[in-house]
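Engineer: My structure is stored as protein.cif, with mmCIF, C-alpha atoms.
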```cif
data_input
loop_
_atom_site.label_atom_id
_atom_site.label_comp_id
_atom_site.auth_asym_id
_atom_site.auth_seq_id
_atom_site.Cartn_x
_atom_site.Cartn_y
_atom_site.Cartn_z
CA SER A 1 16.50 0.65 1.20
CA SER A 2 13.03 1.97 0.52
CA SER A 3 10.31 1.57 -2.03
CA ALA A 4 6.95 3.12 -2.83
CA GLY A 5 4.24 2.68 -5.42
CA GLN A 6 0.57 2.93 -6.23
CA PRO A 7 -1.78 2.43 -4.54
CA GLY A 8 0.36 2.24 -1.43
CA MET A 9 3.92 2.63 -0.28
CA ALA A 10 6.60 0.77 1.60
CA ALA A 11 9.70 1.88 3.44
CA PHE A 12 12.46 -0.07 5.12
CA VAL A 13 14.70 1.99 7.36
CA SER A 14 17.18 1.75 10.22
CA ARG A 15 16.13 4.28 12.84
CA HIS A 16 14.77 4.80 16.34
CA HIS A 17 11.05 5.51 16.54
CA ALA A 18 9.15 6.61 19.65
CA ASP A 19 5.72 5.03 19.39
CA ARG A 20 3.40 2.99 21.52
CA TYR A 21 3.68 0.21 18.94
CA CYS A 22 7.09 -0.39 20.45
CA ASP A 23 6.95 0.90 23.97
CA SER A 24 3.47 0.36 25.41
CA ALA A 25 0.30 -1.66 25.18
CA ALA A 26 -1.93 1.41 25.27
CA PRO A 27 -4.99 1.61 22.98
CA PRO A 28 -4.33 3.14 19.57
CA CYS A 29 -4.49 6.81 18.77
CA SER A 30 -7.16 8.01 16.36
CA ALA A 31 -6.92 6.91 12.76
CA PRO A 32 -3.95 8.38 10.82
CA GLN A 33 -4.44 11.80 9.27
CA PRO A 34 -2.26 11.20 7.25
CA ARG A 35 -0.94 8.04 8.89
CA ARG A 36 2.61 8.26 10.18
CA PRO A 37 2.66 6.21 13.35
CA ALA A 38 6.01 6.65 15.06
CA GLU A 39 8.30 4.18 16.81
CA PRO A 40 11.80 4.28 18.39
CA SER A 41 14.32 6.00 16.03
CA THR A 42 17.96 5.87 15.08
CA SER A 43 19.60 7.56 12.13
CA PRO A 44 18.30 5.81 9.01
CA ALA A 45 20.29 4.38 6.18
CA GLU A 46 20.13 6.76 3.26
CA PRO A 47 17.64 5.60 0.63
CA PRO A 48 17.64 7.35 -2.75
CA ARG A 49 16.09 10.78 -2.43
CA SER A 50 12.95 11.39 -4.39
CA PRO A 51 13.70 13.84 -7.22
CA ALA A 52 10.48 15.71 -6.42
CA SER A 53 11.03 15.89 -2.68
CA HIS A 54 12.47 19.42 -2.77
CA SER A 55 9.52 21.06 -4.47
CA SER A 56 6.31 19.10 -3.90
CA HIS A 57 3.43 20.49 -1.86
CA ARG A 58 2.18 18.86 1.33
CA PRO A 59 -1.57 19.06 2.16
CA LYS A 60 -2.70 19.74 5.72
CA SER A 61 -5.30 17.58 7.38
CA SER A 62 -7.43 18.33 10.42
CA SER A 63 -10.12 16.61 12.45
CA VAL A 64 -12.52 17.47 15.24
CA ALA A 65 -13.14 14.41 17.41
CA ARG A 66 -16.10 14.01 19.72
CA PRO A 67 -15.74 12.26 23.11
CA SER A 68 -14.66 8.70 22.30
CA PRO A 69 -15.74 5.98 24.74
CA SER A 70 -13.60 2.86 25.04
CA ALA A 71 -13.34 -0.23 27.21
CA ALA A 72 -10.29 -2.40 27.90
CA ALA A 73 -10.06 -5.94 29.23
CA ARG A 74 -7.17 -8.16 30.29
CA LEU A 75 -7.66 -11.54 28.65
CA SER A 76 -4.56 -13.14 30.16
CA ARG A 77 -1.33 -12.15 31.89
CA ARG A 78 0.13 -10.96 28.58
CA VAL A 79 -2.91 -10.23 26.40
CA THR A 80 -5.20 -7.19 26.57
CA ALA A 81 -7.90 -5.94 24.22
CA THR A 82 -9.44 -2.51 23.78
CA LEU A 83 -12.75 -1.74 22.08
CA GLY A 84 -13.45 1.89 21.22
CA TYR A 85 -15.83 4.12 19.30
CA GLU A 86 -14.92 7.43 17.63
CA TYR A 87 -16.88 10.08 15.75
CA LYS A 88 -14.94 12.88 14.06
CA ASP A 89 -15.17 15.56 11.35
CA THR A 90 -12.17 15.38 9.03
CA SER A 91 -11.01 17.75 6.32
CA VAL A 92 -7.95 18.64 4.27
CA SER A 93 -6.68 22.11 3.39
CA ASP A 94 -3.78 23.81 1.59
CA VAL A 95 -4.19 21.24 -1.18
CA ASP A 96 -2.31 21.59 -4.45
CA VAL A 97 -2.87 18.25 -6.15
CA THR A 98 -3.52 18.09 -9.88
CA GLY A 99 -5.19 15.68 -12.26
CA ALA A 100 -8.56 13.96 -12.06
CA PRO A 101 -7.33 10.87 -10.15
CA ALA A 102 -5.86 13.04 -7.38
CA GLN A 103 -8.72 15.55 -7.21
CA VAL A 104 -11.23 12.88 -6.18
CA LEU A 105 -9.15 12.34 -3.02
CA VAL A 106 -9.92 15.86 -1.73
CA ASP A 107 -13.00 15.65 0.47
CA SER A 108 -14.32 16.57 3.90
CA VAL A 109 -16.15 13.75 5.65
CA GLU A 110 -17.64 12.75 8.98
CA ILE A 111 -16.33 9.41 10.18
CA SER A 112 -17.99 7.12 12.70
CA SER A 113 -15.90 4.05 13.48
CA ILE A 114 -15.39 1.16 15.89
CA THR A 115 -11.86 -0.02 16.67
CA LEU A 116 -10.76 -3.31 18.25
CA THR A 117 -7.12 -3.58 19.34
CA PRO A 118 -5.68 -6.76 20.86
CA VAL A 119 -2.14 -6.47 22.28
CA HIS A 120 0.26 -9.24 23.28
CA ASP A 121 3.04 -7.92 25.54
CA ALA A 122 5.84 -10.35 26.42
CA ARG A 123 8.52 -7.77 27.30
CA ASP A 124 10.47 -7.95 30.54
CA SER A 125 9.81 -4.27 31.26
CA PHE A 126 7.08 -1.81 30.32
CA LEU A 127 9.37 1.24 30.31
CA MET A 128 12.87 -0.07 29.47
CA PRO A 129 12.58 -3.53 27.89
CA THR A 130 15.75 -5.57 27.31
CA ARG A 131 14.19 -8.74 25.92
CA GLY A 132 10.87 -10.05 24.65
CA THR A 133 8.26 -8.89 22.14
CA ILE A 134 5.16 -6.75 21.93
CA SER A 135 2.66 -7.07 19.09
CA ARG A 136 -0.67 -5.50 18.31
CA LEU A 137 -3.31 -5.42 15.60
CA ALA A 138 -5.75 -2.52 15.41
CA PHE A 139 -8.87 -3.21 13.35
CA GLU A 140 -11.05 -0.19 12.52
CA PHE A 141 -14.47 -0.41 10.87
CA ALA A 142 -16.42 2.63 9.59
CA ASP A 143 -19.85 2.27 7.98
CA ALA A 144 -22.98 4.24 7.14
CA ALA A 145 -24.90 1.92 9.46
CA ILE A 146 -23.19 3.62 12.42
CA GLY A 147 -23.39 7.15 10.98
CA SER A 148 -20.21 7.38 8.89
CA GLU A 149 -20.00 9.20 5.56
CA LEU A 150 -16.96 7.09 4.65
CA ASP A 151 -17.10 3.28 4.56
CA PHE A 152 -13.81 1.45 5.10
CA MET A 153 -11.87 -1.20 6.98
CA ARG A 154 -8.40 -0.43 8.28
CA LEU A 155 -5.77 -2.80 9.68
CA SER A 156 -2.77 -1.41 11.59
CA PRO A 157 -0.41 -4.18 12.76
CA GLY A 158 2.87 -3.69 14.60
CA VAL A 159 5.46 -5.85 16.33
CA SER A 160 8.67 -5.05 18.23
CA TYR A 161 11.43 -7.39 19.39
CA TYR A 162 14.11 -6.72 22.05
CA HIS A 163 17.30 -8.70 22.71
CA PRO A 164 20.38 -7.99 24.88
CA ALA A 165 23.34 -7.07 22.65
CA TRP A 166 26.06 -6.44 25.27
CA SER A 167 26.24 -5.42 28.91
CA GLY A 168 23.77 -2.56 29.13
CA GLY A 169 23.04 -2.66 25.38
CA VAL A 170 19.82 -3.74 23.68
CA LEU A 171 18.98 -4.50 20.06
CA ALA A 172 15.44 -3.33 19.23
CA LEU A 173 13.74 -4.32 15.98
CA SER A 174 10.26 -3.24 14.97
CA TRP A 175 7.86 -3.50 12.06
CA ARG A 176 4.61 -1.65 11.54
CA GLY A 177 2.24 -1.37 8.65
CA GLY A 178 -1.20 -0.37 7.58
CA LEU A 179 -3.92 -1.21 5.08
CA ILE A 180 -7.13 0.72 4.45
CA VAL A 181 -9.80 -0.66 2.12
CA PRO A 182 -12.90 1.24 0.89
CA ILE A 183 -16.10 -0.80 1.15
CA HIS A 184 -19.76 -0.55 0.19
CA SER A 185 -20.59 2.82 -1.41
CA THR A 186 -17.08 4.28 -0.87
CA SER A 187 -14.72 3.99 -3.83
CA ASP A 188 -11.88 6.36 -2.86
CA ILE A 189 -10.13 7.08 0.43
CA PRO A 190 -9.64 10.88 0.94
CA LEU A 191 -6.20 12.35 1.54
CA GLN A 192 -6.59 12.84 5.30
CA GLU A 193 -7.23 9.12 5.86
CA ARG A 194 -4.46 7.79 3.61
CA PHE A 195 -0.96 6.72 4.67
CA PHE A 196 2.12 8.90 4.13
CA ASN A 197 5.81 8.07 4.59
CA GLY A 198 8.87 10.25 4.82
CA GLY A 199 10.01 12.70 7.46
CA GLU A 200 11.08 12.74 11.10
CA ASN A 201 8.89 9.86 12.23
CA THR A 202 9.42 7.44 9.33
CA VAL A 203 12.29 7.91 6.83
CA ARG A 204 14.41 10.94 7.71
CA SER A 205 16.32 11.06 4.43
CA PHE A 206 13.03 12.03 2.74
CA ARG A 207 11.13 15.21 3.53
CA GLU A 208 7.78 15.03 5.29
CA ASP A 209 5.32 12.83 3.34
CA GLN A 210 7.58 12.77 0.26
CA LEU A 211 8.16 9.00 0.08
CA GLY A 212 5.25 7.47 -1.79
CA PRO A 213 2.67 8.04 -4.55
CA THR A 214 2.41 11.53 -6.07
CA ASP A 215 0.28 13.37 -8.61
CA ALA A 216 1.54 14.53 -12.00
CA GLN A 217 3.30 17.53 -10.40
CA GLY A 218 5.07 15.50 -7.70
CA ASN A 219 2.67 16.42 -4.85
CA PRO A 220 2.18 13.56 -2.36
CA VAL A 221 -1.25 11.89 -2.46
CA GLY A 222 -0.58 9.05 -0.02
CA GLY A 223 -1.44 5.41 -0.41
CA GLU A 224 -3.75 2.73 0.92
CA THR A 225 -0.93 0.58 2.34
CA TYR A 226 2.42 1.20 4.01
CA GLN A 227 5.09 -0.53 6.06
CA VAL A 228 8.19 0.54 7.98
CA LEU A 229 10.94 -1.67 9.41
CA SER A 230 13.32 -0.15 11.95
CA ALA A 231 16.43 -1.27 13.85
CA GLU A 232 17.95 0.37 16.90
CA LEU A 233 20.83 -0.16 19.33
CA ARG A 234 20.08 1.18 22.82
CA GLN A 235 22.48 1.84 25.66
CA LEU A 236 20.66 1.54 28.99
#
```
Translate the structure described by the file into structure tokens.

Structural biologist:
Amino acid sequence: SSSAGQPGMAAFVSRHHADRYCDSAAPPCSAPQPRRPAEPSTSPAEPPRSPASHSSHRPKSSSVARPSPSAAARLSRRVTATLGYEYKDTSVSDVDVTGAPAQVLVDSVEISSITLTPVHDARDSFLMPTRGTISRLAFEFADAAIGSELDFMRLSPGVSYYHPAWSGGVLALSWRGGLIVPIHSTSDIPLQERFFNGGENTVRSFREDQLGPTDAQGNPVGGETYQVLSAELRQL
């Protein structure tokens, strides 16, 4: 089943994603543009198809990132933490949203942010886990005090669980989500920094970005929250 609503969206699917949330303890990629972090995938259960999914218009986002320094530390045998800084120019093009509420989301901004990502990895294998868990929580902070035109806090948690199902078979469950909150002088999060669901890397029975909030014409405008739950059976 799946659900979506303002100001965010939620999706619950059965599929195989291919994402570092599930399969590595590497530091996070840059902030979502729009956010569709991927994890191991299987064919999803069929949620109801959005009636507007065949005709709505998908905006295109782009960013130019400067060199991004980061530092990682191992806090214990299973826990690591990464601290990074990123400065990027972000914009959105090919936009066809309508209505005053949606129009305020179209903006080009320079973002300066600091991200802290602790990871707890208790899997039995880095490459082909058969049991154990891996969890992470990425916290991103952008503020005018460090040169950002957009002020926000973003949380991106994720957890994956592995358990032997039969000889050579593994059950893999994962959950990931996100929350972005405007702070200080920022009142709206632009399209390129919002979360979008639907498509190859989230819910395949919906077209790209089509599961979630839309404008009056059915064009996706993304949300400030999202979550995806996936289940997979692997044969090793």

Engineer: Quick one: contact table of range 114-144 of chain A to range 153-157 of chain A, 7 Å max, nearest atom pair and distance in Å to one decimal per residue, counting all atoms listed in the file, chain and number order, as a tab-separated table?

Structural biologist:
```
residue	atom	partner	partner_atom	distance
A:Arg136	CA	A:Pro157	CA	5.7
A:Leu137	CA	A:Pro157	CA	4.2
A:Ala138	CA	A:Ser156	CA	5.0
A:Phe139	CA	A:Leu155	CA	4.8
A:Glu140	CA	A:Arg154	CA	5.0
A:Phe141	CA	A:Met153	CA	4.7
A:Ala142	CA	A:Met153	CA	6.5
```

Engineer: Expressed in Å to a single decimal, how great is the separation between CA of Thr82 in chain A and CA of Thr225 in chain A?

Structural biologist: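 Interatomic distance, CA of Thr82 in chain A to CA of Thr225 in chain A: 23.3 Å.
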
Engineer: For CA of Ile180 in chain A and CA of Thr115 in chain A, determine how far apart the two atoms are, in Å to one decimal place.

Structural biologist: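 It comes out at 13.1 Å.
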
Engineer: Please, what distance in Å, to one decimal, runs between CA of Ser174 in chain A and CA of Ser230 in chain A?

Structural biologist: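 So the answer is 5.3 Å.
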
Engineer: Can you list, as a list in words, every protein, DNA or RNA residue that comes within 10 Å of Ser167 in chain A when you count all atoms listed in the file, leaving out same-chain residues fewer than 2 positions away?

Structural biologist: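 After dropping sequence-adjacent residues, the list is Pro164, Ala165, Gly169, Val170, Gln235 and Leu236 of chain A.
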
Engineer: Care to translate the PyMOL selection byres ((chain A and resi 77) around 12) into actual residues of this file, as an MDAnalysis selection string?

Structural biologist: chainID A and resid 73:76 78:81 119:123

Engineer: Run the PyMOL selection byres ((chain A and resi 145) around 12) on the file and write out the hits as number ranges by chain.

Structural biologist: A: 111-114, 141-144, 146-152, 184-185

Engineer: Taking into account only C-alpha atoms, which residue in the set A:Gly223, A:Leu211, A:Gly218, A:Val203 is nearest to Val181 in chain A?

Structural biologist: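 Closest to Val181 in chain A, using only C-alpha atoms: A:Gly223.
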
Engineer: Evaluated on this file, the PyMOL selection byres ((chain A and resi 66-70) around 8) picks out some residues - which ones are they, written as a list in words?

Structural biologist: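 So the PyMOL selection byres ((chain A and resi 66-70) around 8), applied here, picks out Val64, Ala65, Ala71, Ala72, Thr82, Leu83, Gly84, Tyr85, Glu86, Tyr87 and Lys88 of chain A.
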
Engineer: Would you mind putting N, CA, C and O atoms back on range 116-139 of chain A and writing the result as a compact mmCIF listing (two decimals), keeping the file's coordinate frame?

Structural biologist:
```txt
# COMPACT_ATOMS: atom_id res chain seq x y z
N LEU A 116 -11.13 -2.23 17.32
CA LEU A 116 -10.76 -3.31 18.25
C LEU A 116 -9.25 -3.50 18.17
O LEU A 116 -8.70 -3.67 17.07
N THR A 117 -8.58 -3.48 19.31
CA THR A 117 -7.12 -3.58 19.34
C THR A 117 -6.65 -4.59 20.37
O THR A 117 -6.59 -4.29 21.57
N PRO A 118 -6.33 -5.81 19.94
CA PRO A 118 -5.68 -6.76 20.86
C PRO A 118 -4.17 -6.50 20.91
O PRO A 118 -3.57 -6.15 19.91
N VAL A 119 -3.58 -6.68 22.09
CA VAL A 119 -2.14 -6.47 22.28
C VAL A 119 -1.57 -7.65 23.06
O VAL A 119 -2.14 -8.05 24.09
N HIS A 120 -0.47 -8.19 22.56
CA HIS A 120 0.26 -9.24 23.28
C HIS A 120 1.61 -8.65 23.71
O HIS A 120 2.43 -8.29 22.87
N ASP A 121 1.83 -8.56 25.02
CA ASP A 121 3.04 -7.92 25.54
C ASP A 121 3.85 -8.94 26.34
O ASP A 121 3.46 -9.35 27.44
N ALA A 122 4.97 -9.37 25.77
CA ALA A 122 5.84 -10.35 26.42
C ALA A 122 7.20 -9.75 26.74
O ALA A 122 8.21 -10.46 26.81
N ARG A 123 7.26 -8.43 26.94
CA ARG A 123 8.52 -7.77 27.30
C ARG A 123 8.82 -7.94 28.78
O ARG A 123 7.91 -8.14 29.59
N ASP A 124 10.10 -7.83 29.13
CA ASP A 124 10.47 -7.95 30.54
C ASP A 124 10.27 -6.65 31.31
O ASP A 124 10.33 -6.65 32.54
N SER A 125 10.03 -5.56 30.60
CA SER A 125 9.81 -4.27 31.26
C SER A 125 8.89 -3.41 30.39
O SER A 125 9.04 -3.38 29.17
N PHE A 126 7.98 -2.70 31.05
CA PHE A 126 7.08 -1.81 30.32
C PHE A 126 7.80 -0.56 29.82
O PHE A 126 7.56 -0.08 28.72
N LEU A 127 8.71 -0.02 30.63
CA LEU A 127 9.37 1.24 30.31
C LEU A 127 10.70 1.06 29.60
O LEU A 127 11.01 1.80 28.66
N MET A 128 11.54 0.11 30.05
CA MET A 128 12.87 -0.07 29.47
C MET A 128 13.11 -1.55 29.19
O MET A 128 13.88 -2.23 29.88
N PRO A 129 12.44 -2.10 28.17
CA PRO A 129 12.58 -3.53 27.89
C PRO A 129 13.98 -3.88 27.39
O PRO A 129 14.61 -3.11 26.67
N THR A 130 14.46 -5.05 27.78
CA THR A 130 15.75 -5.57 27.31
C THR A 130 15.60 -6.87 26.54
O THR A 130 16.52 -7.28 25.84
N ARG A 131 14.46 -7.53 26.68
CA ARG A 131 14.19 -8.74 25.92
C ARG A 131 12.69 -8.96 25.82
O ARG A 131 11.91 -8.40 26.59
N GLY A 132 12.29 -9.76 24.83
CA GLY A 132 10.87 -10.05 24.65
C GLY A 132 10.27 -9.34 23.45
O GLY A 132 10.96 -8.67 22.67
N THR A 133 8.97 -9.47 23.29
CA THR A 133 8.26 -8.89 22.14
C THR A 133 6.97 -8.22 22.60
O THR A 133 6.42 -8.54 23.66
N ILE A 134 6.49 -7.30 21.79
CA ILE A 134 5.16 -6.75 21.93
C ILE A 134 4.55 -6.64 20.54
O ILE A 134 5.21 -6.19 19.60
N SER A 135 3.34 -7.11 20.39
CA SER A 135 2.66 -7.07 19.09
C SER A 135 1.22 -6.62 19.28
O SER A 135 0.63 -6.83 20.34
N ARG A 136 0.70 -5.99 18.26
CA ARG A 136 -0.67 -5.50 18.31
C ARG A 136 -1.26 -5.49 16.92
O ARG A 136 -0.56 -5.45 15.91
N LEU A 137 -2.59 -5.51 16.86
CA LEU A 137 -3.31 -5.42 15.60
C LEU A 137 -4.56 -4.60 15.83
O LEU A 137 -5.49 -5.04 16.53
N ALA A 138 -4.58 -3.39 15.28
CA ALA A 138 -5.75 -2.52 15.41
C ALA A 138 -6.64 -2.71 14.19
O ALA A 138 -6.17 -2.60 13.05
N PHE A 139 -7.89 -3.04 14.43
CA PHE A 139 -8.87 -3.21 13.35
C PHE A 139 -9.94 -2.14 13.51
O PHE A 139 -10.61 -2.07 14.53
```
